[in-house]
$ cat input-v6.txt   # compact mmCIF, C-alpha atoms and all ligand atoms
# COMPACT_ATOMS: atom_id res chain seq x y z
CA MET R 450 85.22 -10.93 111.52
CA ARG R 451 84.24 -12.07 115.00
CA ASP R 452 80.60 -12.03 115.97
CA PHE R 453 80.54 -8.87 118.05
CA GLU R 454 76.99 -9.31 119.27
CA PRO R 455 77.02 -10.43 122.90
CA ALA R 456 74.68 -13.21 124.02
CA LYS R 457 72.64 -10.75 126.08
CA MET R 458 71.77 -8.71 122.95
CA LYS R 459 70.86 -11.86 121.00
CA ARG R 460 68.02 -12.17 123.50
CA VAL R 461 66.70 -8.68 122.70
CA PRO R 462 64.41 -8.58 119.65
CA PHE R 463 63.59 -5.59 117.45
CA THR R 464 60.11 -4.43 118.38
CA GLY R 465 57.32 -5.63 116.13
CA ILE R 466 55.61 -2.23 116.44
CA ARG R 467 58.33 -0.82 114.22
CA ARG R 468 57.72 -3.53 111.64
CA VAL R 469 53.98 -2.74 111.58
CA LEU R 470 54.68 0.98 111.28
CA GLU R 471 57.11 0.48 108.41
CA LYS R 472 54.64 -1.69 106.51
CA ALA R 473 51.80 0.76 107.17
CA ASN R 474 53.95 3.64 105.89
CA LYS R 475 54.83 1.66 102.78
CA LEU R 476 51.17 0.98 102.03
CA GLU R 477 50.40 4.65 102.61
CA ALA R 478 53.17 5.67 100.19
CA GLU R 479 51.43 3.43 97.63
CA GLY R 480 48.30 5.56 98.05
CA ARG R 481 46.26 3.43 100.51
CA LYS R 482 44.38 5.07 103.39
CA ILE R 483 45.62 3.34 106.54
CA VAL R 484 43.99 3.66 109.95
CA HIS R 485 46.74 3.92 112.56
CA PHE R 486 45.69 1.94 115.62
CA GLU R 487 49.30 0.91 116.30
CA VAL R 488 50.74 4.21 117.54
CA GLY R 489 51.24 4.62 121.29
CA GLN R 490 51.34 8.39 121.54
CA PRO R 491 48.62 11.07 121.75
CA ASP R 492 47.81 12.57 118.35
CA PHE R 493 47.47 16.08 119.83
CA ASP R 494 50.02 18.85 119.57
CA THR R 495 51.75 19.94 122.80
CA PRO R 496 49.64 22.76 124.34
CA ALA R 497 50.76 26.22 123.17
CA ASN R 498 51.62 27.59 126.64
CA ILE R 499 54.10 24.73 127.15
CA LYS R 500 55.76 25.34 123.77
CA GLU R 501 55.94 29.07 124.50
CA ALA R 502 57.64 28.44 127.85
CA ALA R 503 60.33 26.30 126.19
CA LYS R 504 60.83 28.89 123.40
CA LYS R 505 61.19 31.62 126.00
CA ALA R 506 63.74 29.53 127.89
CA LEU R 507 65.71 29.05 124.66
CA ASP R 508 65.62 32.80 123.96
CA GLN R 509 66.82 33.47 127.49
CA GLY R 510 69.79 31.19 126.91
CA VAL R 511 68.77 28.14 128.93
CA THR R 512 71.02 25.98 126.77
CA ALA R 513 73.65 24.70 129.21
CA TYR R 514 73.71 21.37 131.08
CA SER R 515 71.33 21.32 134.02
CA SER R 516 71.98 19.50 137.30
CA ASN R 517 72.02 15.71 136.83
CA TYR R 518 68.89 15.66 138.99
CA GLY R 519 67.22 18.26 136.76
CA ASP R 520 66.36 21.95 137.06
CA ILE R 521 65.52 22.62 140.71
CA ARG R 522 62.49 24.76 139.73
CA LEU R 523 61.01 21.78 137.91
CA ARG R 524 61.89 19.39 140.75
CA ARG R 525 60.11 21.65 143.24
CA ALA R 526 57.00 21.73 141.03
CA ILE R 527 57.14 17.93 140.71
CA ALA R 528 57.41 17.59 144.51
CA GLU R 529 54.34 19.79 144.91
CA LYS R 530 52.44 17.71 142.33
CA LEU R 531 53.49 14.43 143.99
CA GLU R 532 52.18 15.64 147.34
CA ARG R 533 48.90 16.93 145.87
CA MET R 534 48.12 14.07 143.49
CA ASN R 535 50.07 11.03 144.66
CA HIS R 536 50.18 11.52 148.44
CA LEU R 537 53.97 11.38 148.39
CA LYS R 538 56.00 13.80 150.44
CA VAL R 539 59.35 13.98 148.71
CA ASP R 540 62.57 15.98 149.13
CA PRO R 541 63.10 17.68 145.72
CA THR R 542 66.83 18.04 146.34
CA LYS R 543 67.53 14.31 146.78
CA GLU R 544 64.54 12.23 145.81
CA ILE R 545 63.52 13.43 142.33
CA MET R 546 65.54 13.00 139.16
CA VAL R 547 64.37 14.42 135.83
CA THR R 548 65.14 12.00 132.99
CA CYS R 549 64.99 11.74 129.20
CA GLY R 550 61.42 10.41 129.25
CA GLY R 551 60.04 7.72 131.50
CA GLU R 552 61.89 5.19 129.37
CA GLU R 553 65.31 6.45 130.45
CA ALA R 554 64.11 6.45 134.06
CA VAL R 555 63.12 2.77 133.75
CA ALA R 556 66.44 1.95 132.07
CA ALA R 557 68.53 3.85 134.64
CA ALA R 558 66.74 2.10 137.51
CA LEU R 559 67.13 -1.39 136.02
CA PHE R 560 70.75 -0.88 134.94
CA ALA R 561 71.74 0.53 138.31
CA LEU R 562 69.87 -1.90 140.54
CA LEU R 563 70.15 -5.24 138.76
CA GLU R 564 72.98 -7.66 138.25
CA LYS R 565 73.56 -11.18 136.96
CA GLY R 566 71.56 -13.72 138.93
CA ASP R 567 68.77 -11.33 139.91
CA GLU R 568 65.23 -12.23 138.95
CA VAL R 569 62.69 -9.61 137.95
CA LEU R 570 58.94 -10.20 138.03
CA ILE R 571 57.30 -8.87 134.87
CA ALA R 572 53.65 -9.06 133.87
CA ASP R 573 52.80 -11.00 130.74
CA PRO R 574 51.54 -9.18 128.67
CA SER R 575 53.38 -5.95 129.44
CA TYR R 576 55.20 -2.99 127.90
CA ILE R 577 57.91 -4.51 125.68
CA PRO R 578 61.07 -2.73 126.99
CA TYR R 579 60.80 -4.16 130.52
CA SER R 580 61.92 -7.55 129.38
CA SER R 581 64.62 -6.23 127.00
CA LEU R 582 66.10 -3.84 129.57
CA THR R 583 66.18 -6.59 132.19
CA LYS R 584 68.08 -8.81 129.77
CA ILE R 585 70.55 -6.05 128.91
CA ALA R 586 71.12 -5.66 132.66
CA GLU R 587 71.94 -9.41 132.59
CA ALA R 588 69.17 -10.24 135.02
CA GLU R 589 66.42 -12.80 134.39
CA PRO R 590 62.83 -11.83 133.57
CA VAL R 591 60.27 -14.07 135.30
CA TYR R 592 56.90 -13.66 133.64
CA VAL R 593 53.71 -13.60 135.66
CA PRO R 594 50.70 -14.23 133.42
CA LEU R 595 47.86 -11.71 133.64
CA ASP R 596 44.37 -13.09 133.33
CA GLU R 597 41.69 -11.39 131.28
CA LYS R 598 39.09 -12.61 133.82
CA ASN R 599 41.02 -10.73 136.47
CA GLY R 600 40.87 -7.49 134.46
CA TYR R 601 44.49 -8.06 133.38
CA CYS R 602 45.76 -7.39 136.87
CA PHE R 603 48.20 -9.55 138.80
CA ASP R 604 46.77 -12.73 140.26
CA LEU R 605 48.47 -12.30 143.62
CA GLU R 606 48.70 -16.03 144.33
CA LYS R 607 50.46 -16.64 141.02
CA LEU R 608 52.69 -13.66 141.64
CA GLU R 609 53.71 -14.82 145.11
CA ALA R 610 54.35 -18.34 143.80
CA ALA R 611 56.83 -16.88 141.28
CA ILE R 612 58.98 -15.27 143.99
CA THR R 613 62.28 -17.03 144.80
CA ASN R 614 65.26 -16.03 146.91
CA LYS R 615 66.73 -14.47 143.73
CA THR R 616 63.77 -12.13 143.16
CA LYS R 617 65.00 -8.57 143.54
CA LEU R 618 62.41 -6.42 141.85
CA LEU R 619 58.86 -6.35 140.55
CA ILE R 620 57.88 -4.12 137.64
CA LEU R 621 54.40 -2.76 138.16
CA CYS R 622 52.66 -0.90 135.34
CA THR R 623 49.32 0.45 136.39
CA PRO R 624 47.50 1.90 134.47
CA GLY R 625 48.69 -0.76 132.07
CA ASN R 626 50.02 -0.83 128.56
CA PRO R 627 48.90 -2.82 126.47
CA THR R 628 45.65 -3.56 128.31
CA GLY R 629 44.34 -0.15 129.43
CA THR R 630 43.31 -1.63 132.78
CA MET R 631 44.41 -0.70 136.31
CA MET R 632 44.79 -2.33 139.73
CA ASP R 633 42.28 -1.37 142.41
CA GLU R 634 43.29 -0.16 145.85
CA GLU R 635 42.58 -3.42 147.66
CA SER R 636 44.75 -5.46 145.28
CA LEU R 637 47.52 -2.84 145.44
CA ARG R 638 47.51 -3.03 149.25
CA LYS R 639 47.79 -6.84 149.10
CA LEU R 640 50.55 -6.56 146.52
CA ALA R 641 52.39 -4.11 148.78
CA GLU R 642 52.18 -6.58 151.68
CA ILE R 643 53.69 -9.31 149.50
CA CYS R 644 56.57 -7.02 148.44
CA CYS R 645 57.30 -6.09 152.07
CA ARG R 646 57.08 -9.70 153.26
CA HIS R 647 59.54 -10.91 150.62
CA ASP R 648 61.70 -7.77 150.82
CA ILE R 649 61.62 -6.92 147.11
CA LEU R 650 61.88 -3.62 145.28
CA VAL R 651 59.11 -2.26 143.06
CA LEU R 652 59.62 -0.25 139.90
CA ALA R 653 56.25 1.49 139.49
CA ASP R 654 55.82 2.74 135.94
CA GLU R 655 53.06 5.34 136.14
CA ALA R 656 53.36 6.80 132.64
CA TYR R 657 49.54 6.82 132.26
CA GLU R 658 48.62 7.90 135.81
CA GLN R 659 46.57 10.86 134.57
CA VAL R 660 44.94 9.31 131.52
CA LEU R 661 41.93 7.93 133.41
CA TYR R 662 38.21 7.42 132.68
CA ASP R 663 34.95 6.73 134.53
CA GLY R 664 36.14 8.66 137.59
CA ASN R 665 38.93 6.14 138.27
CA LYS R 666 41.59 7.22 140.73
CA HIS R 667 45.24 6.28 140.40
CA ILE R 668 47.09 5.17 143.53
CA SER R 669 50.87 5.29 143.68
CA ILE R 670 52.07 2.12 145.38
CA ALA R 671 54.91 4.15 146.96
CA SER R 672 52.26 5.89 149.10
CA LEU R 673 51.12 2.62 150.75
CA PRO R 674 52.46 1.47 154.13
CA GLY R 675 56.01 0.12 154.02
CA MET R 676 56.43 0.90 150.32
CA TRP R 677 58.20 4.26 150.11
CA GLU R 678 61.61 2.84 150.99
CA ARG R 679 61.37 0.05 148.40
CA THR R 680 59.69 1.80 145.45
CA ILE R 681 61.11 3.60 142.45
CA THR R 682 58.28 5.55 140.84
CA VAL R 683 58.47 6.64 137.21
CA GLN R 684 56.19 9.32 135.77
CA SER R 685 56.32 11.23 132.51
CA PHE R 686 55.13 14.30 130.63
CA SER R 687 54.80 12.34 127.37
CA LYS R 688 51.25 11.04 127.56
CA THR R 689 49.69 13.54 129.98
CA TYR R 690 50.73 16.64 128.08
CA SER R 691 51.26 15.21 124.62
CA MET R 692 55.01 15.72 124.90
CA CYS R 693 56.35 12.37 123.64
CA GLY R 694 59.07 13.92 121.49
CA TRP R 695 60.34 16.21 124.24
CA ARG R 696 61.79 13.28 126.16
CA ILE R 697 61.05 14.52 129.67
CA GLY R 698 60.07 12.23 132.52
CA TYR R 699 61.20 11.72 136.09
CA LEU R 700 62.06 9.16 138.68
CA VAL R 701 61.13 9.39 142.35
CA ALA R 702 62.89 7.27 144.97
CA PRO R 703 64.14 7.45 148.55
CA ALA R 704 67.58 9.07 148.78
CA GLU R 705 69.27 5.68 149.51
CA LEU R 706 68.06 4.21 146.21
CA MET R 707 68.43 7.50 144.32
CA ARG R 708 72.14 7.66 145.07
CA ILE R 709 72.53 4.35 143.23
CA VAL R 710 70.25 5.15 140.28
CA VAL R 711 71.52 8.70 139.68
CA ARG R 712 74.93 7.29 138.77
CA ALA R 713 73.45 5.34 135.85
CA HIS R 714 71.55 8.42 134.62
CA GLN R 715 74.59 10.68 135.13
CA THR R 716 76.78 8.33 133.12
CA VAL R 717 74.39 7.78 130.22
CA ALA R 718 72.37 10.98 129.80
CA MET R 719 73.78 13.62 132.19
CA ASN R 720 70.52 15.54 132.17
CA ALA R 721 67.23 15.90 130.31
CA CYS R 722 67.03 18.76 127.76
CA SER R 723 67.44 21.94 129.83
CA PHE R 724 65.00 24.26 128.00
CA GLY R 725 62.55 21.38 127.60
CA GLN R 726 62.50 21.11 131.39
CA LEU R 727 61.14 24.66 131.55
CA GLY R 728 58.38 23.65 129.15
CA ALA R 729 57.63 20.80 131.57
CA LEU R 730 57.55 23.29 134.44
CA GLU R 731 54.84 25.24 132.60
CA ALA R 732 52.96 21.96 131.98
CA LEU R 733 52.73 21.38 135.74
CA THR R 734 52.10 24.93 136.87
CA GLY R 735 50.10 26.40 133.94
CA PRO R 736 46.44 25.90 132.95
CA GLN R 737 45.30 22.28 132.66
CA ASP R 738 42.40 22.75 130.21
CA SER R 739 44.23 21.12 127.26
CA LEU R 740 44.69 17.99 129.37
CA TYR R 741 40.97 17.85 130.20
CA ALA R 742 40.02 18.43 126.55
CA MET R 743 42.37 15.61 125.46
CA LEU R 744 40.91 13.23 128.05
CA ALA R 745 37.34 14.03 126.95
CA GLU R 746 38.25 13.29 123.34
CA PHE R 747 40.02 10.04 124.27
CA ASP R 748 36.95 9.01 126.24
CA ARG R 749 34.67 9.55 123.21
CA ARG R 750 36.92 7.33 121.08
CA ARG R 751 37.27 4.73 123.84
CA LEU R 752 33.49 4.30 124.13
CA LEU R 753 33.02 4.21 120.36
CA LEU R 754 35.54 1.40 119.95
CA TYR R 755 34.72 -0.53 123.12
CA ASN R 756 30.97 -0.55 122.37
CA GLY R 757 31.64 -1.26 118.71
CA LEU R 758 33.79 -4.31 119.47
CA LYS R 759 31.19 -5.51 121.97
CA GLU R 760 28.48 -5.27 119.31
CA LEU R 761 30.67 -7.32 116.99
CA GLY R 762 30.87 -10.00 119.70
CA ILE R 763 34.63 -9.61 120.18
CA PRO R 764 35.58 -10.08 123.84
CA CYS R 765 37.44 -7.09 125.26
CA SER R 766 38.01 -5.71 128.78
CA ARG R 767 36.57 -2.23 129.26
CA PRO R 768 39.57 0.11 129.27
CA GLN R 769 39.82 2.14 132.47
CA ALA R 770 42.87 4.21 131.58
CA ALA R 771 45.56 4.96 128.96
CA PHE R 772 44.39 4.76 125.30
CA TYR R 773 44.47 1.07 124.48
CA LEU R 774 42.02 -1.77 123.93
CA PHE R 775 43.20 -5.37 124.01
CA PRO R 776 40.51 -7.44 122.25
CA ASP R 777 40.58 -11.23 122.14
CA ILE R 778 40.64 -12.52 118.56
CA GLY R 779 40.96 -16.21 119.54
CA GLU R 780 37.67 -17.03 117.77
CA PHE R 781 39.32 -16.69 114.36
CA GLY R 782 41.90 -19.43 114.91
CA MET R 783 44.83 -17.31 113.71
CA ASP R 784 47.87 -16.20 115.66
CA SER R 785 47.96 -12.49 116.42
CA PHE R 786 50.68 -11.78 113.84
CA THR R 787 48.71 -13.40 111.03
CA PHE R 788 45.54 -11.61 112.09
CA ALA R 789 47.27 -8.21 112.36
CA GLU R 790 48.86 -8.75 108.95
CA LEU R 791 45.53 -9.63 107.35
CA LEU R 792 43.91 -6.59 108.95
CA LEU R 793 46.63 -4.33 107.63
CA ASP R 794 47.10 -5.81 104.15
CA LYS R 795 43.48 -6.40 103.21
CA TYR R 796 41.55 -3.88 105.32
CA GLY R 797 44.09 -1.10 105.86
CA VAL R 798 44.03 -1.13 109.68
CA ALA R 799 47.38 -1.17 111.53
CA THR R 800 47.36 -2.75 115.02
CA VAL R 801 50.01 -4.42 117.19
CA PRO R 802 49.89 -8.24 117.52
CA GLY R 803 49.29 -9.10 121.20
CA VAL R 804 52.14 -11.62 121.27
CA GLU R 805 54.56 -8.69 121.00
CA PHE R 806 53.79 -7.96 124.65
CA GLY R 807 54.45 -11.51 125.82
CA LYS R 808 53.35 -15.08 125.14
CA ASN R 809 50.22 -14.56 127.16
CA GLY R 810 49.22 -11.70 124.84
CA GLU R 811 48.78 -14.18 121.97
CA ASN R 812 45.27 -14.23 120.46
CA HIS R 813 44.91 -10.50 121.12
CA LEU R 814 45.54 -7.23 119.32
CA ARG R 815 46.52 -3.92 120.82
CA ILE R 816 44.36 -1.15 119.44
CA SER R 817 45.42 2.41 120.28
CA TYR R 818 42.78 5.11 119.97
CA ALA R 819 45.36 7.87 119.86
CA THR R 820 44.06 8.71 116.41
CA SER R 821 41.17 10.94 115.27
CA PHE R 822 37.53 10.07 116.03
CA GLU R 823 36.86 9.84 112.28
CA ASP R 824 39.70 7.35 111.86
CA CYS R 825 38.39 5.39 114.85
CA GLN R 826 34.99 5.19 113.08
CA MET R 827 36.63 4.11 109.84
CA GLY R 828 38.85 1.58 111.64
CA LEU R 829 35.87 0.06 113.44
CA HIS R 830 33.94 -0.21 110.19
CA ARG R 831 36.88 -1.98 108.53
CA ILE R 832 37.31 -4.36 111.49
CA ALA R 833 33.57 -5.16 111.23
CA GLN R 834 34.08 -5.98 107.54
CA CYS R 835 37.05 -8.22 108.33
CA VAL R 836 35.16 -10.04 111.10
CA SER R 837 32.13 -10.52 108.85
CA ASP R 838 34.29 -11.90 106.00
CA LEU R 839 36.06 -14.30 108.38
CA ARG R 840 32.81 -15.49 109.96
CA LYS R 841 31.34 -16.17 106.51
CA GLY R 842 34.43 -18.34 105.95
C1 LIG L 1 54.03 1.89 130.05
C2 LIG L 1 54.97 2.86 129.45
N1 LIG L 1 56.01 3.27 130.18
C3 LIG L 1 56.92 4.15 129.71
C4 LIG L 1 56.81 4.64 128.44
C5 LIG L 1 57.86 5.58 127.95
O1 LIG L 1 57.36 6.85 127.82
P1 LIG L 1 58.30 8.13 127.72
O2 LIG L 1 59.71 7.67 127.68
O3 LIG L 1 57.89 8.84 126.50
O4 LIG L 1 58.01 8.89 128.97
C6 LIG L 1 55.74 4.23 127.62
C7 LIG L 1 55.63 4.70 126.23
O5 LIG L 1 54.87 4.23 125.42
C8 LIG L 1 54.80 3.33 128.15
O6 LIG L 1 53.77 2.89 127.42
$ encode --input "input-v6.txt" --output "structure tokens" --more "lines below"
Ligand SMILES: Cc1ncc(COP(=O)(O)O)c(C=O)c1O
Amino acid sequence: MRDFEPAKMKRVPFTGIRRVLEKANKLEAEGRKIVHFEVGQPDFDTPANIKEAAKKALDQGVTAYSSNYGDIRLRRAIAEKLERMNHLKVDPTKEIMVTCGGEEAVAAALFALLEKGDEVLIADPSYIPYSSLTKIAEAEPVYVPLDEKNGYCFDLEKLEAAITNKTKLLILCTPGNPTGTMMDEESLRKLAEICCRHDILVLADEAYEQVLYDGNKHISIASLPGMWERTITVQSFSKTYSMCGWRIGYLVAPAELMRIVVRAHQTVAMNACSFGQLGALEALTGPQDSLYAMLAEFDRRRLLLYNGLKELGIPCSRPQAAFYLFPDIGEFGMDSFTFAELLLDKYGVATVPGVEFGKNGENHLRISYATSFEDCQMGLHRIAQCVSDLRKG
């Protein structure tokens, strides 16, 4: 048989998160108690009012295809939310497209806008699919290292130095996965100026825009001067409303870009789940107390783990958003895979090796606190044991 795998797919690895999860599940099946710090989704159920709205829609027969752009009632509610929370005034008939999660929105944008020869600026470390999707689109990822000293935000000089005449698009993920940090307004304004000066597009992945702490405010780069016409903004219901399995997100872009991107979405997905969209409508228009309760609980876990790691003398940026910590484990002289494996095998704590998110993520672990407070306590205790054993030699 011929080798049917094209060269572009040979460059796309399986994600290591899956490998960690499989191993953790195997250990659990053998009777071990595993602390799950590897999972990137809230551990809360979807709020009841949202589930009820989707059930009602099902009972009322909302089971047909919806418009490729999504149910107009949901798009209108999204437009209202974008104006209120993101300072974006958007035409819901042409500039919003509901997608199968934020992930499909990112994929549709990259597949529709990129071609061979294009270069895409991607933070290192960053969310794993950016690089894979860029490669599948046959464009070239150009990695811009993020510096811990800079709060894991772009060093704008390094970023500008990476721009060439082939650079078409920058992927911006703030608040960031895997680091839990976010760019401040001044840096975003400077970044916007660079994008305008070099005439490049921005794909702004804002999946965590509402999972914020310490009074931080999220700013959508599309709302800054000169940016609306060159920005594709992606937001999602997954993390904000604990709706990861529903697969509902959306993409916001000026009509000129939307008419390009909608054709990728139309061809691949047609539309997001029609009755699920009515659940999403309730998420936006119904009571928000479950969201506030979830954020308060995340905050409790964040402070427990952040302070705990600090007490152990493990360097770690204070997370400002999302539900991740990205501690530096360089002291132990092991690569992040070996360290994560040791932590899982011997101490029963599953984490994601930092190198999974890019070369520059080496010597780090991603710890997700989307698991119960009690498990966070247990996980911290086990990490303390591991650190103490390693320091004793
Ligand atoms: C930064 C980031 N963007 C996008 C997604 C995709 O989310 P969804 O497709 O569930 O909206 C994730 C999921 O983990 C993420 O971390």
$ residues_near_ligand --input "input-v6.txt" --ligand "ligand LIG 1 (chain L)" --cutoff "8 Å" --atoms "only C-alpha atoms and all ligand atoms" --output "MDAnalysis selection string"
chainID R and resid 489:490 549:555 575:576 622 624:627 654:657 684:688 692:694 696:698
$ residues_around --input "input-v6.txt" --residues "stretch 634-640 of chain R" --least-positions-apart "4" --cutoff "9 Å" --atoms "all atoms listed in the file" --output "PyMOL selection string"
chain R and resi 602-603+605+608-609+644-645+667-670+673-674
$ residues_around --input "input-v6.txt" --residues "R:Cys765" --least-positions-apart "4" --cutoff "10 Å" --atoms "all atoms listed in the file" --output "ChimeraX atom specification"
/R:597,600,628,755-756,758-759,774-778,813
$ closest_residue --input "input-v6.txt" --among "R:Lys505, R:Lys459, R:Arg751, R:Lys538" --to "R:Glu731" --atoms "all atoms listed in the file"
R:Lys505
$ closest_residue --input "input-v6.txt" --among "R:Asp648, R:Asp663, R:Glu606, R:Glu811" --to "R:Arg679" --atoms "only C-alpha atoms"
R:Asp648
$ closest_atom_pairs --input "input-v6.txt" --of "stretch 467-566 of chain R" --to "stretch 733-741 of chain R" --cutoff "10 Å" --atoms "all atoms listed in the file" --output "CSV"
residue,atom,partner,partner_atom,distance
R:Phe493,CA,R:Ser739,CA,9.5
R:Asp494,CA,R:Ser739,CA,9.9
R:Thr495,CA,R:Ser739,CA,8.8
R:Pro496,CA,R:Ser739,CA,6.4
R:Ala497,CA,R:Ser739,CA,9.2
R:Asn498,CA,R:Gly735,CA,7.6
R:Ile499,CA,R:Gly735,CA,8.1
R:Ala502,CA,R:Gly735,CA,9.9
R:Leu523,CA,R:Leu733,CA,8.6
R:Ala526,CA,R:Leu733,CA,6.8
R:Ile527,CA,R:Leu733,CA,7.5
R:Glu529,CA,R:Leu733,CA,9.4
R:Lys530,CA,R:Leu733,CA,7.5
$ closest_residue --input "input-v6.txt" --among "R:Met534, R:Ala789, R:Ala586, R:Val798" --to "R:Val461" --atoms "all atoms listed in the file"
R:Ala586
$ closest_residue --input "input-v6.txt" --among "R:Leu706, R:Gly566, R:Ala572, R:Leu582" --to "R:Asp596" --atoms "only C-alpha atoms"
R:Ala572
$ closest_residue --input "input-v6.txt" --among "R:Arg815, R:Arg522, R:Lys457, R:Lys617" --to "R:Val547" --atoms "only C-alpha atoms"
R:Arg522
$ closest_residue --input "input-v6.txt" --among "R:Lys615, R:Arg451, R:Arg749, R:His485" --to "R:Leu792" --atoms "only C-alpha atoms"
R:His485
$ axis_aligned_box --input "input-v6.txt" --around "stretch 614-621 of chain R" --padding-each-side "4 Å" --output "AutoDock Vina command-line options"
--center_x 60.6 --center_y -9.4 --center_z 142.3 --size_x 20.3 --size_y 21.3 --size_z 17.3
$ atom_distance --input "input-v6.txt" --atom1 "atom CA of R:Phe772" --atom2 "atom CA of R:Val701"
24.3 Å
$ atom_distance --input "input-v6.txt" --atom1 "atom CA of R:Ala558" --atom2 "atom CA of R:Val710"
5.4 Å
